[in-house]
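Participant: I'd like to ask you about the structure that follows.
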Amino acid sequence: MNRRTILLAATGIAAARGAAAQEPWPTRPIRLIIPYPPGGGTDVISREMAARLGALTGWTIVAENRPGAGGNIGIDLVAKATDGHTIGMGQTSNLAVNPTLYGANIPYQPLRDLALISLVASQPNVFVVARDAPYRTLQDVVAAARARPGRLTAAHPGNGTVGHLSTEMVALAARVELTVVPYRGAGQLVTDMLAGRLDLYSANPLAVRGMLNTGELRAIAVTSAQRMPSLPEVPTVAESGFPGFDAVNWTGLVAPARTPAAVVTQLNEAVGRALRQEEVVARLAGEGSEPAPSTPDGFRTFLTAEIEKWGRVVREARVQAD
């Protein structure tokens, strides 16, 4: 075989490989793993994104709830998927908090085992107190905690959640001691707040919106760097005396690390298009959320910083997994 023949053969092989790399995707339904039970915030936004992406692209996206272990079970399924058509909805806890919270017991490492497609949305928490509580500002709570160390109660609906850790962040920043009370979900917690049996709650805005509207609960600070458009009169924690404070729930689409770059790009572009739709922006705003599309590299930079931030809070507050 002469040199020209070899070159032609090599060119043919390269062209074949290029054609193979550009084969249409997807070739079958896409499985979207939701690592939490039906009905929660992550489930709602995941199903909204599945519907929007399907409408925009013609893809069939099948949402599947796989809860357990603080979101670890679902994300581990995504990391280990080999079918080429599995993605998952990660969020603050299972991507940024759990690597430190669970330590050696976490079955995946987000930055190593996952392809990061795009951030999807962000949502702050809101610190609330009961209607008859004497606290009008977060500084009022801090002052009371300093006067009575360990006497004020701060509740959260799940260990390692943003609701939990944002409370720990305030206690660390203010150098006060709070009695942190864990609950299994928000139902009984809200009942006890309304009854005046708890002093402070870092809540998902959706969980307390109705009670804020009726005045049964009072918002004193939001945990994001900027004020919430739906609660413009409520200051941020940073404005309340703790500069730089920023603690939000965010969501982001991920896939197995072996996912081809071209597929990640295709998914990223579709997510960006979906999040620019006016009706999607309005729907998120109604839930107290904002769209947060990113590039894959931007997602990686953001997640690296979030793992470091939340890891520091978990260590300093000595938070342990359930």
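Residues are named by chain letter and number: chains run A, B, ... in the order of the structure tokens, numbers start at 1 in each chain, and ligands are numbered from 1 in the order shown.
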What lies within 8 Å of range 191-201 of chain A using only C-alpha atoms, ignoring chain neighbours under 4 positions off, as a PyMOL selection string?

Facilitator: chain A and resi 126-133+152-156+163+167+187+216-217

Participant: Could those residues be written to a file, using C-alpha atoms, as an mmCIF file, in the first residue's frame?

Facilitator:
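The resulting out_14.cif:
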data_model
loop_
_atom_site.group_PDB
_atom_site.id
_atom_site.type_symbol
_atom_site.label_atom_id
_atom_site.label_comp_id
_atom_site.auth_asym_id
_atom_site.auth_seq_id
_atom_site.Cartn_x
_atom_site.Cartn_y
_atom_site.Cartn_z
ATOM 1 C CA VAL A 126 -36.736 33.781 53.860
ATOM 2 C CA PHE A 127 -36.274 34.058 57.627
ATOM 3 C CA VAL A 128 -39.683 34.303 59.283
ATOM 4 C CA VAL A 129 -41.002 34.768 62.809
ATOM 5 C CA ALA A 130 -44.475 34.391 64.269
ATOM 6 C CA ARG A 131 -46.918 37.297 64.112
ATOM 7 C CA ASP A 132 -46.764 37.900 67.867
ATOM 8 C CA ALA A 133 -42.986 37.490 68.167
ATOM 9 C CA LEU A 152 -33.863 30.872 71.104
ATOM 10 C CA THR A 153 -35.084 28.080 68.851
ATOM 11 C CA ALA A 154 -34.426 27.952 65.122
ATOM 12 C CA ALA A 155 -36.171 25.209 63.164
ATOM 13 C CA HIS A 156 -35.378 23.517 59.882
ATOM 14 C CA GLY A 163 -32.936 26.072 55.443
ATOM 15 C CA THR A 167 -29.489 29.285 59.964
ATOM 16 C CA GLY A 187 -45.852 20.656 57.991
ATOM 17 C CA GLU A 216 -49.673 34.989 60.437
ATOM 18 C CA LEU A 217 -45.925 34.977 59.841
#

Participant: For Ile117 in chain A, work out the shell of residues within 9 Å, counting only C-alpha atoms and skipping chain neighbours fewer than 6 positions away, then give it as a ChimeraX atom specification.

Facilitator: /A:252-255,264-265,267-268,271,294-297,299

Participant: Could you write those residues out with N, CA, C and O atoms, as a short mmCIF file (atom, residue, chain, number, x, y, z; two decimals), in the first residue's frame?

Facilitator:
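Listing of selection-v3.cif after writing:
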data_model
loop_
_atom_site.label_atom_id
_atom_site.label_comp_id
_atom_site.auth_asym_id
_atom_site.auth_seq_id
_atom_site.Cartn_x
_atom_site.Cartn_y
_atom_site.Cartn_z
N GLY A 252 -29.67 22.46 38.94
CA GLY A 252 -28.87 22.40 37.74
C GLY A 252 -28.93 21.01 37.12
O GLY A 252 -28.95 20.01 37.84
N LEU A 253 -29.00 20.96 35.80
CA LEU A 253 -29.06 19.67 35.10
C LEU A 253 -27.67 19.07 34.97
O LEU A 253 -26.71 19.76 34.62
N VAL A 254 -27.59 17.77 35.22
CA VAL A 254 -26.33 17.04 35.13
C VAL A 254 -26.54 15.75 34.35
O VAL A 254 -27.67 15.30 34.14
N ALA A 255 -25.43 15.16 33.92
CA ALA A 255 -25.44 13.90 33.18
C ALA A 255 -24.21 13.11 33.61
O ALA A 255 -23.35 13.63 34.32
N VAL A 264 -23.75 17.41 25.58
CA VAL A 264 -23.83 18.40 26.66
C VAL A 264 -24.15 19.78 26.07
O VAL A 264 -25.00 20.52 26.58
N THR A 265 -23.48 20.13 24.98
CA THR A 265 -23.74 21.41 24.32
C THR A 265 -25.17 21.50 23.81
O THR A 265 -25.84 22.52 23.96
N LEU A 267 -27.82 19.92 24.97
CA LEU A 267 -28.70 20.06 26.12
C LEU A 267 -28.59 21.48 26.70
O LEU A 267 -29.60 22.09 27.06
N ASN A 268 -27.38 21.99 26.80
CA ASN A 268 -27.18 23.32 27.35
C ASN A 268 -27.93 24.38 26.54
O ASN A 268 -28.59 25.27 27.10
N VAL A 271 -31.68 24.11 27.23
CA VAL A 271 -32.04 24.65 28.53
C VAL A 271 -32.06 26.18 28.48
O VAL A 271 -32.97 26.83 29.01
N SER A 294 -26.56 28.85 32.54
CA SER A 294 -25.11 29.03 32.55
C SER A 294 -24.49 28.17 31.46
O SER A 294 -25.14 27.28 30.91
N THR A 295 -23.23 28.41 31.19
CA THR A 295 -22.47 27.48 30.36
C THR A 295 -22.04 26.31 31.24
O THR A 295 -22.03 26.41 32.47
N PRO A 296 -21.66 25.19 30.64
CA PRO A 296 -21.11 24.09 31.46
C PRO A 296 -19.90 24.52 32.27
O PRO A 296 -19.77 24.15 33.45
N ASP A 297 -19.00 25.30 31.67
CA ASP A 297 -17.83 25.77 32.41
C ASP A 297 -18.23 26.71 33.54
O ASP A 297 -17.65 26.67 34.63
N PHE A 299 -21.03 26.62 35.17
CA PHE A 299 -21.61 25.74 36.19
C PHE A 299 -20.49 25.12 37.02
O PHE A 299 -20.56 25.07 38.25
#

Participant: Just want the 10 Å neighbourhood of Arg28 in chain A, counted on only C-alpha atoms, with same-chain residues fewer than 4 positions away dropped. Output as a PDB file with N, CA, C and O atoms, in the first residue's frame.

Facilitator:
ATOM      1  N   TRP A  59     -38.208  16.261  21.873  1.00  0.00           N
ATOM      2  CA  TRP A  59     -37.705  15.109  22.613  1.00  0.00           C
ATOM      3  C   TRP A  59     -38.790  14.569  23.542  1.00  0.00           C
ATOM      4  O   TRP A  59     -39.642  15.311  24.041  1.00  0.00           O
ATOM      5  N   THR A  60     -38.729  13.277  23.802  1.00  0.00           N
ATOM      6  CA  THR A  60     -39.560  12.674  24.838  1.00  0.00           C
ATOM      7  C   THR A  60     -38.717  12.564  26.101  1.00  0.00           C
ATOM      8  O   THR A  60     -37.683  11.895  26.111  1.00  0.00           O
ATOM      9  N   ILE A  61     -39.145  13.242  27.151  1.00  0.00           N
ATOM     10  CA  ILE A  61     -38.407  13.243  28.416  1.00  0.00           C
ATOM     11  C   ILE A  61     -39.310  12.659  29.486  1.00  0.00           C
ATOM     12  O   ILE A  61     -40.395  13.174  29.753  1.00  0.00           O
ATOM     13  N   GLY A  84     -26.637   6.435  27.884  1.00  0.00           N
ATOM     14  CA  GLY A  84     -26.457   7.595  27.027  1.00  0.00           C
ATOM     15  C   GLY A  84     -27.654   8.508  26.939  1.00  0.00           C
ATOM     16  O   GLY A  84     -27.641   9.488  26.190  1.00  0.00           O
ATOM     17  N   HIS A  85     -28.710   8.221  27.701  1.00  0.00           N
ATOM     18  CA  HIS A  85     -29.936   9.020  27.629  1.00  0.00           C
ATOM     19  C   HIS A  85     -30.499   9.310  29.019  1.00  0.00           C
ATOM     20  O   HIS A  85     -31.715   9.423  29.198  1.00  0.00           O
TER      21      HIS A  85
END

Participant: Taking only C-alpha atoms into account, which of A:Met228, A:Ala238, A:Leu303, A:Leu32 comes nearest Gly286 in chain A?

Facilitator: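 Closest candidate: A:Met228.
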
Participant: Show me, as a PyMOL selection string, the residues that have an atom within 12 Å of Arg31 in chain A when counting only C-alpha atoms, minus same-chain residues fewer than 6 positions from it.

Facilitator: chain A and resi 46-47+50+54+59-66+74+77-78+81-89+254-255

Participant: Could you take the residues named above and write them with C-alpha atoms, as a PDB file, in the first residue's frame?

Facilitator:
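Okay, result03.pdb is ready:
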ATOM      1  CA  SER A  46     -37.852  19.298  37.040  1.00  0.00           C
ATOM      2  CA  ARG A  47     -41.221  18.468  35.523  1.00  0.00           C
ATOM      3  CA  ALA A  50     -39.055  18.333  31.093  1.00  0.00           C
ATOM      4  CA  GLY A  54     -39.926  18.483  25.141  1.00  0.00           C
ATOM      5  CA  TRP A  59     -37.705  15.109  22.613  1.00  0.00           C
ATOM      6  CA  THR A  60     -39.560  12.674  24.838  1.00  0.00           C
ATOM      7  CA  ILE A  61     -38.407  13.243  28.416  1.00  0.00           C
ATOM      8  CA  VAL A  62     -39.640  10.858  31.098  1.00  0.00           C
ATOM      9  CA  ALA A  63     -39.364  12.180  34.663  1.00  0.00           C
ATOM     10  CA  GLU A  64     -38.610   9.588  37.322  1.00  0.00           C
ATOM     11  CA  ASN A  65     -38.508  10.235  41.084  1.00  0.00           C
ATOM     12  CA  ARG A  66     -35.696   8.367  42.847  1.00  0.00           C
ATOM     13  CA  GLY A  74     -30.843   9.700  42.501  1.00  0.00           C
ATOM     14  CA  LEU A  77     -27.984   6.683  39.462  1.00  0.00           C
ATOM     15  CA  VAL A  78     -27.229   9.494  37.031  1.00  0.00           C
ATOM     16  CA  ALA A  81     -25.916   5.478  33.981  1.00  0.00           C
ATOM     17  CA  THR A  82     -24.530   3.914  30.803  1.00  0.00           C
ATOM     18  CA  ASP A  83     -27.501   4.221  28.428  1.00  0.00           C
ATOM     19  CA  GLY A  84     -26.457   7.595  27.027  1.00  0.00           C
ATOM     20  CA  HIS A  85     -29.936   9.020  27.629  1.00  0.00           C
ATOM     21  CA  THR A  86     -30.044   9.718  31.389  1.00  0.00           C
ATOM     22  CA  ILE A  87     -29.857  13.178  32.954  1.00  0.00           C
ATOM     23  CA  GLY A  88     -30.699  14.381  36.446  1.00  0.00           C
ATOM     24  CA  MET A  89     -31.721  17.468  38.372  1.00  0.00           C
ATOM     25  CA  VAL A 254     -26.328  17.037  35.133  1.00  0.00           C
ATOM     26  CA  ALA A 255     -25.435  13.899  33.181  1.00  0.00           C
TER      27      ALA A 255
END

Participant: Mind listing the strand (DSSP E) residues of range 14-176 of chain A, per DSSP on the backbone, as a PyMOL selection string?

Facilitator: chain A and resi 30-34+61-65+86-91+114-124+126-130+153-156

Participant: Record the distance separating CA of Gln277 in chain A and CA of Gly39 in chain A, expressed in Å with one decimal.

Facilitator: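 Distance reported for this atom pair: 23.3 Å.
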
Participant: So how far away is CA of Gly40 in chain A from CA of Asn125 in chain A, in Å?

Facilitator: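 About the pair CA of Asn125 in chain A and CA of Gly40 in chain A: they are 14.7 Å apart.
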
Participant: Quick one, how far is CA of Gly68 in chain A from CA of Asp246 in chain A?

Facilitator: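 Computing it gives 26.9 Å between the two atoms.
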
Participant: Using only C-alpha atoms, which residues sit within 7 Å of Gln123 in chain A once same-chain residues fewer than 2 positions away are excluded, as a list in words?

Facilitator: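 Once the adjacent positions are removed, what remains is Ala121, Asn125, Val248, Asn249, Trp250, Gly288, Ser289 and Glu290 of chain A.
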
Participant: Please, which residues in range 146-236 of chain A fall within 10 Å of range 92-103 of chain A when counting only C-alpha atoms, and what is the closest atom pair and distance in Å to one decimal for each, ordered by chain then residue number, as a Markdown table?

Facilitator:
| residue | atom | partner | partner_atom | distance |
| --- | --- | --- | --- | --- |
| A:Asn159 | CA | A:Leu101 | CA | 9.5 |
| A:Gly160 | CA | A:Ser93 | CA | 6.7 |
| A:Thr161 | CA | A:Ser93 | CA | 5.9 |
| A:Val162 | CA | A:Ser93 | CA | 7.2 |
| A:Leu165 | CA | A:Val97 | CA | 9.2 |

Participant: Taking only C-alpha atoms into account, which of A:Val180, A:Leu53, A:Met169, A:Ala147 comes nearest Gly311 in chain A?

Facilitator: A:Met169

Participant: Counting only C-alpha atoms, which of A:Asn105, A:Asn204, A:Pro24, A:Leu116 gets nearest to Arg258 in chain A?

Facilitator: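 Between A:Asn105, A:Asn204, A:Pro24, A:Leu116, the residue approaching Arg258 in chain A most closely is A:Leu116.
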
Participant: Skipping near chain neighbours, those fewer than 3 positions away, what residues fall within 8 Å of Ala79 in chain A using only C-alpha atoms, listed as a list of chain:residue names?

Facilitator: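 The residues that qualify are A:Ile75, A:Asp76, A:Tyr108, A:Asp113, A:Leu114, A:Ala255, A:Pro256, A:Ala257.
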
Participant: Okay, now the selection with N, CA, C and O atoms, as a PDB file, in the first residue's frame?

Facilitator:
ATOM      1  N   ILE A  75     -28.807  11.012  42.342  1.00  0.00           N
ATOM      2  CA  ILE A  75     -27.641  11.536  41.630  1.00  0.00           C
ATOM      3  C   ILE A  75     -26.636  10.418  41.338  1.00  0.00           C
ATOM      4  O   ILE A  75     -25.993  10.405  40.276  1.00  0.00           O
ATOM      5  N   ASP A  76     -26.525   9.460  42.236  1.00  0.00           N
ATOM      6  CA  ASP A  76     -25.632   8.326  41.976  1.00  0.00           C
ATOM      7  C   ASP A  76     -26.117   7.510  40.785  1.00  0.00           C
ATOM      8  O   ASP A  76     -25.313   7.015  39.985  1.00  0.00           O
ATOM      9  N   TYR A 108     -20.588   9.266  45.038  1.00  0.00           N
ATOM     10  CA  TYR A 108     -20.163   9.961  43.820  1.00  0.00           C
ATOM     11  C   TYR A 108     -19.454  11.245  44.228  1.00  0.00           C
ATOM     12  O   TYR A 108     -19.624  11.742  45.350  1.00  0.00           O
ATOM     13  N   ASP A 113     -17.591  12.884  38.614  1.00  0.00           N
ATOM     14  CA  ASP A 113     -18.457  11.841  38.070  1.00  0.00           C
ATOM     15  C   ASP A 113     -19.628  12.358  37.245  1.00  0.00           C
ATOM     16  O   ASP A 113     -20.404  11.563  36.720  1.00  0.00           O
ATOM     17  N   LEU A 114     -19.761  13.664  37.127  1.00  0.00           N
ATOM     18  CA  LEU A 114     -20.899  14.231  36.422  1.00  0.00           C
ATOM     19  C   LEU A 114     -20.459  15.228  35.356  1.00  0.00           C
ATOM     20  O   LEU A 114     -19.482  15.961  35.550  1.00  0.00           O
ATOM     21  N   ALA A 255     -25.426  15.164  33.917  1.00  0.00           N
ATOM     22  CA  ALA A 255     -25.435  13.899  33.181  1.00  0.00           C
ATOM     23  C   ALA A 255     -24.211  13.110  33.614  1.00  0.00           C
ATOM     24  O   ALA A 255     -23.346  13.635  34.324  1.00  0.00           O
ATOM     25  N   PRO A 256     -24.099  11.849  33.208  1.00  0.00           N
ATOM     26  CA  PRO A 256     -22.880  11.098  33.527  1.00  0.00           C
ATOM     27  C   PRO A 256     -21.648  11.779  32.921  1.00  0.00           C
ATOM     28  O   PRO A 256     -21.724  12.400  31.855  1.00  0.00           O
ATOM     29  N   ALA A 257     -20.514  11.655  33.591  1.00  0.00           N
ATOM     30  CA  ALA A 257     -19.290  12.319  33.138  1.00  0.00           C
ATOM     31  C   ALA A 257     -18.893  11.892  31.735  1.00  0.00           C
ATOM     32  O   ALA A 257     -18.260  12.664  31.000  1.00  0.00           O
TER      33      ALA A 257
END
